[in-house]
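Text of the file upload.cif, holding mmCIF, C-alpha atoms and all ligand atoms:
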```cif
data_my_file
loop_
_atom_site.label_atom_id
_atom_site.label_comp_id
_atom_site.auth_asym_id
_atom_site.auth_seq_id
_atom_site.Cartn_x
_atom_site.Cartn_y
_atom_site.Cartn_z
CA MET Y 221 6.78 13.96 9.56
CA ASN Y 222 8.32 10.59 10.24
CA ARG Y 223 6.06 7.64 9.36
CA GLN Y 224 6.98 4.45 11.17
CA ILE Y 225 6.02 0.78 11.52
CA LEU Y 226 6.31 -0.17 15.20
CA LEU Y 227 6.45 -3.47 17.06
CA LYS Y 228 3.05 -3.70 18.75
CA LYS Y 229 3.59 -7.11 20.40
CA ARG Y 230 5.99 -10.00 20.22
CA PRO Y 231 4.88 -12.59 17.66
CA VAL Y 232 4.00 -16.10 18.71
CA GLY Y 233 4.96 -18.37 15.80
CA VAL Y 234 4.85 -16.81 12.32
CA PRO Y 235 4.36 -13.02 12.68
CA SER Y 236 0.97 -11.58 11.70
CA ALA Y 237 -0.31 -8.14 10.74
CA GLY Y 238 -1.51 -7.61 14.34
CA ASP Y 239 2.07 -7.67 15.64
CA PHE Y 240 2.76 -4.34 13.91
CA GLU Y 241 1.21 -0.88 14.12
CA ALA Y 242 1.72 2.33 12.19
CA GLY Y 243 3.02 5.41 13.97
CA GLU Y 244 3.86 8.99 13.12
CA GLY Y 245 5.94 11.68 14.79
CA PRO Y 246 8.45 14.39 14.07
CA ALA Y 247 11.76 13.33 12.51
CA GLY Y 248 14.53 13.54 15.13
CA SER Y 249 17.54 15.80 14.88
CA PRO Y 250 21.07 14.43 15.06
CA GLY Y 251 23.25 14.98 18.14
CA PRO Y 252 27.06 15.10 18.12
CA GLY Y 253 28.50 12.30 15.96
CA GLU Y 254 25.05 11.48 14.58
CA VAL Y 255 23.34 11.82 11.20
CA LEU Y 256 19.71 12.13 10.13
CA LEU Y 257 18.94 9.59 7.40
CA ARG Y 258 16.15 9.58 4.84
CA ASN Y 259 15.54 5.89 4.26
CA LEU Y 260 15.33 4.89 0.58
CA TYR Y 261 15.16 1.07 0.64
CA LEU Y 262 14.49 -1.38 3.48
CA SER Y 263 16.12 -4.80 3.46
CA ILE Y 264 13.61 -7.51 4.42
CA ASP Y 265 15.60 -10.16 6.28
CA PRO Y 266 14.81 -13.21 8.44
CA ALA Y 267 16.98 -11.60 11.15
CA ILE Y 268 14.13 -9.11 11.75
CA ARG Y 269 11.95 -11.99 13.02
CA GLY Y 270 14.72 -12.85 15.51
CA TRP Y 271 14.93 -9.26 16.76
CA MET Y 272 11.14 -9.20 17.27
CA SER Y 273 11.43 -11.90 19.92
CA ASP Y 274 13.07 -11.32 23.29
CA ALA Y 275 15.60 -14.13 22.82
CA LYS Y 276 19.25 -13.29 23.48
CA SER Y 277 21.07 -12.65 20.22
CA TYR Y 278 23.96 -10.68 18.75
CA LEU Y 279 21.77 -7.52 18.89
CA PRO Y 280 19.24 -6.59 21.61
CA PRO Y 281 15.54 -7.28 20.96
CA ILE Y 282 13.42 -4.54 19.40
CA GLY Y 283 11.44 -2.95 22.23
CA ILE Y 284 7.64 -2.92 22.19
CA GLY Y 285 6.55 0.39 20.63
CA GLU Y 286 9.88 0.84 18.84
CA PRO Y 287 10.22 0.93 15.05
CA ILE Y 288 11.21 -2.37 13.41
CA ARG Y 289 14.99 -2.50 13.03
CA SER Y 290 16.18 -3.07 9.47
CA GLY Y 291 19.12 -2.82 7.16
CA THR Y 292 18.61 0.17 4.85
CA LEU Y 293 19.96 2.14 1.96
CA SER Y 294 19.61 5.71 3.13
CA GLN Y 295 20.66 9.25 2.26
CA ILE Y 296 22.15 11.65 4.81
CA VAL Y 297 19.94 14.75 5.07
CA GLU Y 298 21.52 16.33 8.17
CA SER Y 299 24.95 15.61 9.57
CA ASN Y 300 26.79 16.26 12.82
CA ALA Y 301 29.54 13.79 11.98
CA GLU Y 302 32.80 14.61 10.27
CA GLY Y 303 33.35 12.73 7.01
CA TRP Y 304 29.62 12.01 6.50
CA PRO Y 305 28.35 14.83 4.24
CA VAL Y 306 24.73 15.64 3.46
CA GLY Y 307 23.66 13.89 0.25
CA GLN Y 308 25.87 10.84 0.81
CA ILE Y 309 24.07 7.51 0.28
CA VAL Y 310 24.96 4.96 2.94
CA GLN Y 311 24.24 1.41 4.04
CA ALA Y 312 22.87 1.55 7.55
CA LEU Y 313 21.19 -0.39 10.30
CA ALA Y 314 18.17 1.86 10.77
CA ALA Y 315 14.44 1.08 10.95
CA TRP Y 316 11.09 0.82 9.18
CA GLU Y 317 10.53 4.58 9.13
CA SER Y 318 10.93 7.49 6.73
CA TYR Y 319 13.73 9.12 8.74
CA SER Y 320 16.20 7.70 11.28
CA VAL Y 321 18.80 9.31 13.53
CA VAL Y 322 21.81 7.03 13.94
CA SER Y 323 25.38 7.30 15.14
CA ALA Y 324 27.75 7.74 12.20
CA ARG Y 325 29.92 5.02 13.77
CA SER Y 326 27.13 2.51 13.24
CA LEU Y 327 26.92 3.16 9.48
CA HIS Y 328 27.95 0.19 7.35
CA GLY Y 329 29.64 2.28 4.70
CA LYS Y 330 29.29 4.79 1.90
CA VAL Y 331 27.63 3.59 -1.28
CA LYS Y 332 29.88 4.02 -4.27
CA SER Y 333 27.87 3.84 -7.44
CA ILE Y 334 29.07 1.16 -9.84
CA GLN Y 335 28.41 1.67 -13.53
CA GLY Y 336 25.61 -0.50 -14.87
CA ILE Y 337 24.47 -1.65 -11.41
CA PRO Y 338 21.24 -0.11 -10.09
CA LEU Y 339 21.10 1.41 -6.60
CA PRO Y 340 19.00 -1.30 -4.84
CA ALA Y 341 21.62 -3.91 -5.77
CA MET Y 342 23.85 -2.19 -3.21
CA LEU Y 343 21.49 -3.62 -0.57
CA SER Y 344 21.13 -7.05 -2.19
CA VAL Y 345 23.80 -8.71 -4.30
CA LEU Y 346 26.42 -6.07 -3.37
CA GLY Y 347 25.00 -5.61 0.14
CA GLY Y 348 24.51 -7.95 3.07
CA THR Y 349 22.89 -10.67 0.97
CA GLY Y 350 25.73 -11.07 -1.53
CA LEU Y 351 28.36 -10.62 1.19
CA THR Y 352 26.75 -13.40 3.25
CA ALA Y 353 26.80 -15.72 0.24
CA TYR Y 354 30.40 -14.80 -0.61
CA PHE Y 355 32.00 -15.16 2.82
CA GLY Y 356 29.81 -18.02 4.01
CA LEU Y 357 30.63 -20.11 0.98
CA LEU Y 358 34.24 -19.14 0.28
CA GLU Y 359 35.57 -18.65 3.82
CA VAL Y 360 33.46 -21.08 5.86
CA GLY Y 361 32.58 -23.64 3.18
CA GLN Y 362 35.99 -23.48 1.43
CA PRO Y 363 34.82 -25.14 -1.80
CA LYS Y 364 37.41 -26.68 -4.12
CA GLU Y 365 37.11 -27.18 -7.86
CA GLY Y 366 35.17 -30.34 -8.71
CA GLU Y 367 33.44 -30.58 -5.32
CA THR Y 368 29.67 -30.69 -4.79
CA VAL Y 369 28.05 -27.74 -3.01
CA LEU Y 370 24.48 -28.17 -1.74
CA VAL Y 371 22.51 -25.00 -0.90
CA SER Y 372 19.25 -24.81 1.09
CA ALA Y 373 16.77 -21.93 0.56
CA ALA Y 374 18.54 -21.84 -2.79
CA ALA Y 375 16.04 -19.58 -4.57
CA GLY Y 376 16.12 -16.90 -1.88
CA GLY Y 377 18.27 -13.81 -1.65
CA VAL Y 378 21.39 -15.45 -0.22
CA GLY Y 379 20.96 -18.93 -1.72
CA SER Y 380 20.46 -17.70 -5.29
CA ILE Y 381 23.93 -16.11 -5.14
CA VAL Y 382 25.68 -19.00 -3.31
CA GLY Y 383 25.13 -21.55 -6.08
CA GLN Y 384 26.41 -19.14 -8.72
CA ILE Y 385 29.59 -18.44 -6.76
CA ALA Y 386 30.03 -22.22 -6.42
CA LYS Y 387 29.84 -22.45 -10.23
CA VAL Y 388 32.41 -19.65 -10.61
CA LYS Y 389 34.71 -21.79 -8.44
CA GLY Y 390 34.22 -24.86 -10.65
CA CYS Y 391 31.93 -26.82 -8.31
CA ARG Y 392 28.75 -28.79 -8.91
CA ALA Y 393 25.92 -26.67 -7.45
CA VAL Y 394 22.72 -28.30 -6.21
CA GLY Y 395 19.84 -26.33 -4.73
CA LEU Y 396 16.98 -27.19 -2.36
CA THR Y 397 13.83 -25.11 -2.69
CA GLY Y 398 10.09 -25.30 -2.09
CA SER Y 399 8.48 -25.36 -5.56
CA ASP Y 400 9.01 -26.91 -9.00
CA GLU Y 401 8.88 -23.45 -10.56
CA LYS Y 402 11.79 -22.29 -8.40
CA CYS Y 403 13.72 -25.48 -9.25
CA VAL Y 404 13.40 -24.64 -12.95
CA TRP Y 405 14.54 -21.06 -12.29
CA LEU Y 406 17.61 -22.27 -10.40
CA VAL Y 407 18.73 -24.61 -13.19
CA ASP Y 408 17.62 -22.70 -16.31
CA GLU Y 409 18.35 -19.13 -15.25
CA LEU Y 410 20.99 -19.32 -12.53
CA GLY Y 411 23.04 -22.26 -13.79
CA TYR Y 412 22.58 -24.64 -10.85
CA ASP Y 413 23.41 -28.20 -12.00
CA ALA Y 414 20.36 -29.68 -10.26
CA ALA Y 415 17.57 -28.62 -7.93
CA VAL Y 416 15.29 -30.56 -5.60
CA ASN Y 417 11.82 -29.58 -4.39
CA TYR Y 418 12.21 -30.55 -0.74
CA LYS Y 419 8.45 -30.32 -0.19
CA THR Y 420 7.57 -33.09 -2.64
CA ALA Y 421 10.75 -35.20 -2.96
CA ASN Y 422 11.95 -38.01 -0.75
CA LEU Y 423 15.03 -36.05 0.29
CA ARG Y 424 17.28 -39.05 0.97
CA VAL Y 425 16.62 -40.53 -2.47
CA ALA Y 426 16.69 -37.17 -4.28
CA LEU Y 427 20.03 -36.20 -2.72
CA LYS Y 428 21.61 -39.46 -3.87
CA GLU Y 429 20.47 -38.71 -7.42
CA ALA Y 430 21.34 -35.01 -7.44
CA CYS Y 431 24.66 -35.45 -5.60
CA PRO Y 432 26.00 -38.79 -6.92
CA ASP Y 433 29.48 -38.07 -5.54
CA GLY Y 434 28.16 -37.01 -2.11
CA ILE Y 435 28.18 -33.52 -0.61
CA ASP Y 436 31.41 -31.69 0.16
CA VAL Y 437 29.92 -28.36 1.25
CA PHE Y 438 26.43 -27.76 2.63
CA PHE Y 439 25.52 -24.07 2.78
CA ASP Y 440 22.56 -24.22 5.15
CA SER Y 441 20.00 -21.50 5.74
CA VAL Y 442 17.19 -23.80 6.87
CA GLY Y 443 18.32 -26.17 9.67
CA GLY Y 444 15.89 -28.71 11.20
CA GLU Y 445 15.07 -31.94 9.36
CA ILE Y 446 16.78 -30.83 6.14
CA LEU Y 447 20.08 -30.34 7.96
CA ASN Y 448 19.63 -33.64 9.80
CA THR Y 449 19.11 -35.54 6.54
CA VAL Y 450 21.94 -33.82 4.67
CA LEU Y 451 24.41 -34.75 7.44
CA THR Y 452 24.08 -38.41 6.38
CA HIS Y 453 25.19 -37.52 2.81
CA LEU Y 454 28.33 -35.55 3.76
CA ASN Y 455 31.63 -36.64 2.30
CA TYR Y 456 34.83 -37.25 4.26
CA HIS Y 457 36.12 -33.84 5.44
CA GLY Y 458 32.80 -32.25 4.41
CA ARG Y 459 31.93 -28.74 5.62
CA VAL Y 460 28.57 -27.36 6.77
CA ALA Y 461 28.39 -23.55 6.73
CA VAL Y 462 25.62 -22.60 9.17
CA CYS Y 463 24.13 -19.45 7.65
CA GLY Y 464 20.70 -19.59 9.30
CA ALA Y 465 17.84 -21.83 10.39
CA ILE Y 466 14.68 -20.37 8.91
CA SER Y 467 12.71 -23.56 9.59
CA GLN Y 468 13.21 -22.90 13.32
CA ILE Y 469 12.93 -19.12 13.41
CA ASN Y 470 9.23 -19.04 14.37
CA ALA Y 471 9.46 -21.87 16.90
CA SER Y 472 8.29 -21.04 20.42
CA GLU Y 473 10.49 -23.71 21.99
CA LEU Y 474 14.07 -24.73 21.36
CA PRO Y 475 14.08 -27.34 18.57
CA PRO Y 476 15.82 -30.70 19.13
CA GLY Y 477 19.43 -30.78 17.99
CA PRO Y 478 20.32 -32.66 14.79
CA SER Y 479 20.28 -36.29 15.92
CA ASN Y 480 22.66 -37.22 13.09
CA TYR Y 481 25.43 -34.98 14.41
CA LEU Y 482 27.79 -37.94 14.92
CA GLN Y 483 28.06 -38.03 11.12
CA LEU Y 484 30.49 -35.16 11.68
CA LEU Y 485 32.67 -37.55 13.65
CA ALA Y 486 32.30 -40.42 11.19
CA LYS Y 487 33.24 -38.18 8.24
CA SER Y 488 35.83 -36.04 10.06
CA ALA Y 489 33.59 -33.20 8.92
CA ARG Y 490 33.03 -29.77 10.42
CA MET Y 491 30.02 -27.54 10.97
CA GLU Y 492 30.73 -23.85 11.48
CA GLY Y 493 28.47 -20.88 11.98
CA PHE Y 494 29.25 -17.34 10.90
CA THR Y 495 27.80 -13.87 10.69
CA THR Y 496 28.68 -11.62 7.79
CA LEU Y 497 29.90 -9.02 10.29
CA ASP Y 498 32.84 -11.37 11.00
CA PHE Y 499 34.24 -10.27 7.63
CA ALA Y 500 33.46 -6.53 7.80
CA ARG Y 501 37.03 -5.52 6.99
CA ARG Y 502 36.90 -7.39 3.69
CA TYR Y 503 33.59 -6.11 2.27
CA ASP Y 504 35.26 -4.05 -0.47
CA GLU Y 505 37.22 -7.07 -1.71
CA ALA Y 506 34.00 -9.14 -1.89
CA ARG Y 507 32.06 -6.35 -3.61
CA ALA Y 508 34.79 -6.01 -6.25
CA ASP Y 509 34.62 -9.76 -7.02
CA LEU Y 510 30.82 -9.84 -7.07
CA ALA Y 511 30.58 -6.74 -9.30
CA ARG Y 512 33.12 -8.26 -11.72
CA TRP Y 513 31.19 -11.55 -11.88
CA ILE Y 514 27.95 -9.62 -12.55
CA ARG Y 515 29.62 -7.68 -15.39
CA GLU Y 516 31.04 -10.92 -16.81
CA GLY Y 517 27.54 -12.45 -16.76
CA LYS Y 518 28.59 -15.12 -14.26
CA ILE Y 519 26.18 -13.93 -11.58
CA ARG Y 520 22.55 -12.98 -12.09
CA TYR Y 521 20.40 -11.59 -9.34
CA ARG Y 522 16.73 -10.85 -8.81
CA ASP Y 523 15.44 -8.13 -6.51
CA ASP Y 524 11.80 -8.44 -5.44
CA ILE Y 525 10.89 -4.86 -4.53
CA VAL Y 526 7.53 -3.47 -3.38
CA GLU Y 527 6.85 0.23 -2.82
CA GLY Y 528 5.63 1.90 0.36
CA LEU Y 529 6.35 1.58 4.07
CA ASP Y 530 2.96 -0.05 4.72
CA GLN Y 531 4.00 -3.01 2.56
CA ALA Y 532 6.89 -3.96 4.86
CA PRO Y 533 5.03 -6.35 7.25
CA SER Y 534 3.38 -8.39 4.46
CA HIS Y 535 6.66 -8.49 2.53
CA LEU Y 536 8.39 -9.89 5.64
CA LEU Y 537 5.82 -12.70 5.81
CA ARG Y 538 6.79 -13.85 2.31
CA LEU Y 539 10.13 -15.00 3.74
CA PHE Y 540 8.26 -17.71 5.62
CA SER Y 541 5.74 -18.66 2.93
CA GLY Y 542 8.47 -18.78 0.28
CA GLU Y 543 6.35 -16.78 -2.19
CA HIS Y 544 9.31 -15.01 -3.70
CA ARG Y 545 12.55 -15.45 -5.57
CA GLY Y 546 15.71 -13.49 -4.85
CA LYS Y 547 16.04 -10.62 -2.42
CA LEU Y 548 13.07 -8.91 -0.75
CA MET Y 549 13.18 -5.13 -0.36
CA VAL Y 550 10.78 -2.23 0.19
CA LYS Y 551 11.31 1.03 -1.65
CA LEU Y 552 10.45 4.19 0.29
CA ALA Y 553 11.95 6.99 -1.80
CA ASP Y 554 14.36 7.92 -4.56
CA PRO Y 555 17.59 9.68 -3.60
CA GLU Y 556 17.67 13.44 -4.02
CA VAL Y 557 20.36 14.69 -6.36
N1 LIG Y 601 24.78 -15.60 8.97
C1 LIG Y 601 24.52 -14.37 8.50
O1 LIG Y 601 25.29 -13.41 8.71
C2 LIG Y 601 23.29 -14.16 7.70
C3 LIG Y 601 23.07 -12.94 7.02
C4 LIG Y 601 21.91 -12.82 6.24
C5 LIG Y 601 21.00 -13.88 6.16
N2 LIG Y 601 21.26 -15.03 6.88
C6 LIG Y 601 20.35 -16.18 6.79
O2 LIG Y 601 20.28 -16.56 5.44
C7 LIG Y 601 19.07 -17.23 5.21
C8 LIG Y 601 18.42 -16.69 3.94
O3 LIG Y 601 18.06 -15.32 4.14
P1 LIG Y 601 17.42 -14.50 2.93
O4 LIG Y 601 17.23 -13.11 3.41
O5 LIG Y 601 18.20 -14.73 1.69
O6 LIG Y 601 15.98 -15.18 2.85
P2 LIG Y 601 15.37 -15.91 1.58
O7 LIG Y 601 16.22 -17.12 1.34
O8 LIG Y 601 15.15 -14.94 0.50
O9 LIG Y 601 13.95 -16.36 2.11
C9 LIG Y 601 13.81 -17.43 2.96
C10 LIG Y 601 13.47 -18.71 2.17
O10 LIG Y 601 13.55 -19.79 3.08
C11 LIG Y 601 12.68 -20.82 2.66
N3 LIG Y 601 11.95 -21.28 3.83
C12 LIG Y 601 11.10 -20.57 4.61
N4 LIG Y 601 10.61 -21.34 5.61
C13 LIG Y 601 11.16 -22.57 5.42
C14 LIG Y 601 11.04 -23.82 6.11
N5 LIG Y 601 10.26 -23.94 7.19
N6 LIG Y 601 11.75 -24.87 5.65
C15 LIG Y 601 12.54 -24.76 4.57
N7 LIG Y 601 12.70 -23.62 3.86
C16 LIG Y 601 12.01 -22.54 4.30
C17 LIG Y 601 11.71 -20.21 1.62
O11 LIG Y 601 12.04 -20.71 0.33
P3 LIG Y 601 11.51 -22.12 -0.23
O12 LIG Y 601 10.41 -21.84 -1.19
O13 LIG Y 601 12.71 -22.66 -0.89
O14 LIG Y 601 11.03 -22.91 0.95
C18 LIG Y 601 12.04 -18.72 1.66
O15 LIG Y 601 11.96 -18.13 0.40
C19 LIG Y 601 18.23 -17.07 6.48
O16 LIG Y 601 18.34 -18.26 7.25
C20 LIG Y 601 18.90 -15.93 7.19
O17 LIG Y 601 18.70 -15.98 8.58
C21 LIG Y 601 22.38 -15.18 7.63
#
```

As structure tokens, how would this structure be written, given the file I've shared?
Amino acid sequence: MNRQILLKKRPVGVPSAGDFEAGEGPAGSPGPGEVLLRNLYLSIDPAIRGWMSDAKSYLPPIGIGEPIRSGTLSQIVESNAEGWPVGQIVQALAAWESYSVVSARSLHGKVKSIQGIPLPAMLSVLGGTGLTAYFGLLEVGQPKEGETVLVSAAAGGVGSIVGQIAKVKGCRAVGLTGSDEKCVWLVDELGYDAAVNYKTANLRVALKEACPDGIDVFFDSVGGEILNTVLTHLNYHGRVAVCGAISQINASELPPGPSNYLQLLAKSARMEGFTTLDFARRYDEARADLARWIREGKIRYRDDIVEGLDQAPSHLLRLFSGEHRGKLMVKLADPEV
């Protein structure tokens, strides 16, 4: 049987338990070019909240009554697609369900086990999360040695990796996060040079102290007032890498644009959005670098994993309350050998 978590209704504001419902049905069987996946781990991402609304985006909205779409680590249990054998573990865009039928062409790649790195890391630091940090910082932010890199949502899945890559590249890394405990974690465990609790600090004053030479790269996952304030601290030729805008993701109406945007003109700076998919052809290169930095002890990561499909909705809500560090995932099953 295929257990599922379905979209019951579109959330208004922050999602709640009532927006989801459990379902059950037979597992599908794959047609030509398709595979049947047994889902092992679900990636809990802010993007899911976007897909739950009916706003136009890079993927269509999840339909009412459909399972919640999600990045997964999955194992092929039936295959009608050449080159995708049964038993292969893959990264996929599947759903909150025990089994999914997907087109083999939609699979994000085969998981090659890397010695010393546990399987779920292939969905976090060596999956979409680490790849987002890597390409967003290095390709969009283009940090140079000695520059200051500011990271918002710095203690989350993506942000916790961004600051460490900035350090690898010889930059000063400064993080913004929502609790003193997370600030300590960023500095003491992850090697950030400074961290600011944006909920309690006067951000203008705190940024001057934490970034005495100004900000060359702002890796932004939050948007809203934080972005607006940071724009006034950008250096000449500064870069803003627009990774996400989690402060706006539950808004029912379009938020006002950043009123300080003319700072981009004054500083000859640039603000550029990206999706990780833009760099799909270079994933292997990024994974090789990230795996090497993990082995060399230059990058640490934290996976926050709960077990059981029923836990997925409440785990998703932690993205908005900030009650986590590192990457959120749900474990459904172990691979079969
Ligand atoms: N462009 C891409 O291709 C791409 C790919 C993946 C992810 N993303 C984006 O990357 C960002 C991080 O994703 P993630 O999965 O790693 O999530 P995450 O950072 O692990 O979790 C989100 C964090 O955002 C902070 N936050 C939540 N609401 C906030 C608010 N109103 N104001 C300020 N901070 C708030 C919370 O931390 P605090 O305690 O610090 O507030 C929370 O822990 C998201 O914006 C996501 O959309 C983009």

Practice task
Using all atoms listed in the file, find each protein or nucleic acid residue lying at most 7 Å from ligand LIG 601 (chain Y); present the set as number ranges by chain.
Solution key: Y: 264-267, 348-349, 352, 373-379, 396-399, 441-442, 463-468, 494-497, 538-548

Could the residues in this selection be saved with C-alpha atoms as a PDB file, in the frame of the given file?
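Output below, filename again15.pdb:
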```pdb
ATOM      1  CA  ILE Y 264      13.610  -7.510   4.420  1.00  0.00           C
ATOM      2  CA  ASP Y 265      15.600 -10.160   6.280  1.00  0.00           C
ATOM      3  CA  PRO Y 266      14.810 -13.210   8.440  1.00  0.00           C
ATOM      4  CA  ALA Y 267      16.980 -11.600  11.150  1.00  0.00           C
ATOM      5  CA  GLY Y 348      24.510  -7.950   3.070  1.00  0.00           C
ATOM      6  CA  THR Y 349      22.890 -10.670   0.970  1.00  0.00           C
ATOM      7  CA  THR Y 352      26.750 -13.400   3.250  1.00  0.00           C
ATOM      8  CA  ALA Y 373      16.770 -21.930   0.560  1.00  0.00           C
ATOM      9  CA  ALA Y 374      18.540 -21.840  -2.790  1.00  0.00           C
ATOM     10  CA  ALA Y 375      16.040 -19.580  -4.570  1.00  0.00           C
ATOM     11  CA  GLY Y 376      16.120 -16.900  -1.880  1.00  0.00           C
ATOM     12  CA  GLY Y 377      18.270 -13.810  -1.650  1.00  0.00           C
ATOM     13  CA  VAL Y 378      21.390 -15.450  -0.220  1.00  0.00           C
ATOM     14  CA  GLY Y 379      20.960 -18.930  -1.720  1.00  0.00           C
ATOM     15  CA  LEU Y 396      16.980 -27.190  -2.360  1.00  0.00           C
ATOM     16  CA  THR Y 397      13.830 -25.110  -2.690  1.00  0.00           C
ATOM     17  CA  GLY Y 398      10.090 -25.300  -2.090  1.00  0.00           C
ATOM     18  CA  SER Y 399       8.480 -25.360  -5.560  1.00  0.00           C
ATOM     19  CA  SER Y 441      20.000 -21.500   5.740  1.00  0.00           C
ATOM     20  CA  VAL Y 442      17.190 -23.800   6.870  1.00  0.00           C
ATOM     21  CA  CYS Y 463      24.130 -19.450   7.650  1.00  0.00           C
ATOM     22  CA  GLY Y 464      20.700 -19.590   9.300  1.00  0.00           C
ATOM     23  CA  ALA Y 465      17.840 -21.830  10.390  1.00  0.00           C
ATOM     24  CA  ILE Y 466      14.680 -20.370   8.910  1.00  0.00           C
ATOM     25  CA  SER Y 467      12.710 -23.560   9.590  1.00  0.00           C
ATOM     26  CA  GLN Y 468      13.210 -22.900  13.320  1.00  0.00           C
ATOM     27  CA  PHE Y 494      29.250 -17.340  10.900  1.00  0.00           C
ATOM     28  CA  THR Y 495      27.800 -13.870  10.690  1.00  0.00           C
ATOM     29  CA  THR Y 496      28.680 -11.620   7.790  1.00  0.00           C
ATOM     30  CA  LEU Y 497      29.900  -9.020  10.290  1.00  0.00           C
ATOM     31  CA  ARG Y 538       6.790 -13.850   2.310  1.00  0.00           C
ATOM     32  CA  LEU Y 539      10.130 -15.000   3.740  1.00  0.00           C
ATOM     33  CA  PHE Y 540       8.260 -17.710   5.620  1.00  0.00           C
ATOM     34  CA  SER Y 541       5.740 -18.660   2.930  1.00  0.00           C
ATOM     35  CA  GLY Y 542       8.470 -18.780   0.280  1.00  0.00           C
ATOM     36  CA  GLU Y 543       6.350 -16.780  -2.190  1.00  0.00           C
ATOM     37  CA  HIS Y 544       9.310 -15.010  -3.700  1.00  0.00           C
ATOM     38  CA  ARG Y 545      12.550 -15.450  -5.570  1.00  0.00           C
ATOM     39  CA  GLY Y 546      15.710 -13.490  -4.850  1.00  0.00           C
ATOM     40  CA  LYS Y 547      16.040 -10.620  -2.420  1.00  0.00           C
ATOM     41  CA  LEU Y 548      13.070  -8.910  -0.750  1.00  0.00           C
TER      42      LEU Y 548
END
```

Exercise for the section: Tell me, as an MDAnalysis selection string, which residues lie within 12 Å of Y:Gly243, counting only C-alpha atoms; anything in the same chain fewer than 3 positions away does not count. Expected result: chainID Y and resid 221:228 240 246:247 285:288 316:318 529:530

Problem - 7 Å contact set for stretch 504-507 of chain Y, only C-alpha atoms, chain neighbours under 2 positions out, as a ChimeraX atom specification - result: /Y:346,351,354,502,509-511

Output file for the residues above (C-alpha atoms, as a short mmCIF file (atom, residue, chain, number, x, y, z; two decimals), in the coordinates of the input):
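See result14.cif below for the written result:
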```
data_model
loop_
_atom_site.label_atom_id
_atom_site.label_comp_id
_atom_site.auth_asym_id
_atom_site.auth_seq_id
_atom_site.Cartn_x
_atom_site.Cartn_y
_atom_site.Cartn_z
CA LEU Y 346 26.42 -6.07 -3.37
CA LEU Y 351 28.36 -10.62 1.19
CA TYR Y 354 30.40 -14.80 -0.61
CA ARG Y 502 36.90 -7.39 3.69
CA ASP Y 509 34.62 -9.76 -7.02
CA LEU Y 510 30.82 -9.84 -7.07
CA ALA Y 511 30.58 -6.74 -9.30
#
```

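Each of Y:Gly245, Y:Met549, Y:Asp408, Y:Ala341 was compared to Y:Pro533 using only C-alpha atoms, and Y:Met549 turns out to be the nearest.
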
Handout entry: Using all atoms listed in the file: which of Y:Gly238, Y:Arg501, Y:Val321, Y:Leu260 has the shortest distance to Y:Glu527
Key = Y:Leu260

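Contact shell of Y:Gly366 at 7 Å (only C-alpha atoms; same-chain neighbours under 6 positions omitted): Gly390, Cys391 and Arg392 of chain Y.
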
When you look at Y:Leu293 with a cut-off of 8 Å (counting all atoms listed in the file), what residues show up, excluding the ones that are within fewer than 4 positions of it in the same chain? I need them as a short mmCIF file (atom, residue, chain, number, x, y, z; two decimals) with C-alpha atoms, keeping the file's coordinate frame.
```
data_model
loop_
_atom_site.label_atom_id
_atom_site.label_comp_id
_atom_site.auth_asym_id
_atom_site.auth_seq_id
_atom_site.Cartn_x
_atom_site.Cartn_y
_atom_site.Cartn_z
CA ASN Y 259 15.54 5.89 4.26
CA LEU Y 260 15.33 4.89 0.58
CA TYR Y 261 15.16 1.07 0.64
CA LEU Y 262 14.49 -1.38 3.48
CA ILE Y 309 24.07 7.51 0.28
CA VAL Y 310 24.96 4.96 2.94
CA GLN Y 311 24.24 1.41 4.04
CA ALA Y 312 22.87 1.55 7.55
CA PRO Y 340 19.00 -1.30 -4.84
CA MET Y 342 23.85 -2.19 -3.21
CA LEU Y 343 21.49 -3.62 -0.57
#
```

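Here the question is which of Y:Val394, Y:Cys431, Y:Ala315, Y:Leu339 gets nearest to Y:Val407 using only C-alpha atoms, and that residue is Y:Val394.
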
Exercise for the section: Within 9 Å of Y:Thr452, counting only C-alpha atoms, which residues show up once you throw out same-chain ones fewer than 6 positions away? Write them as an MDAnalysis selection string, please. Expected result: chainID Y and resid 424 480:481 483:484

Fill in the blank from the handout: Restricting to all atoms listed in the file, whichever of Y:Leu454, Y:Gly253, Y:Ser277, Y:Ile284 is closest to Y:Gly303 is Y:Gly253

Practice task
Have a look at Y:Leu370, Y:Leu257, Y:Ile282, Y:Leu427 and name the one nearest to Y:Ser320; count all atoms listed in the file.
Solution key: Y:Leu257

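Using only C-alpha atoms for every distance, the candidate list Y:Ser249, Y:Ser236, Y:Ser380, Y:Asn422 yields Y:Ser380 as the residue closest to Y:Lys402.
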
Handout entry: Coordinates-based distance that separates atom CA of Y:Thr449 from atom CA of Y:Ala426 (Å, one decimal)
Key = 11.2 Å
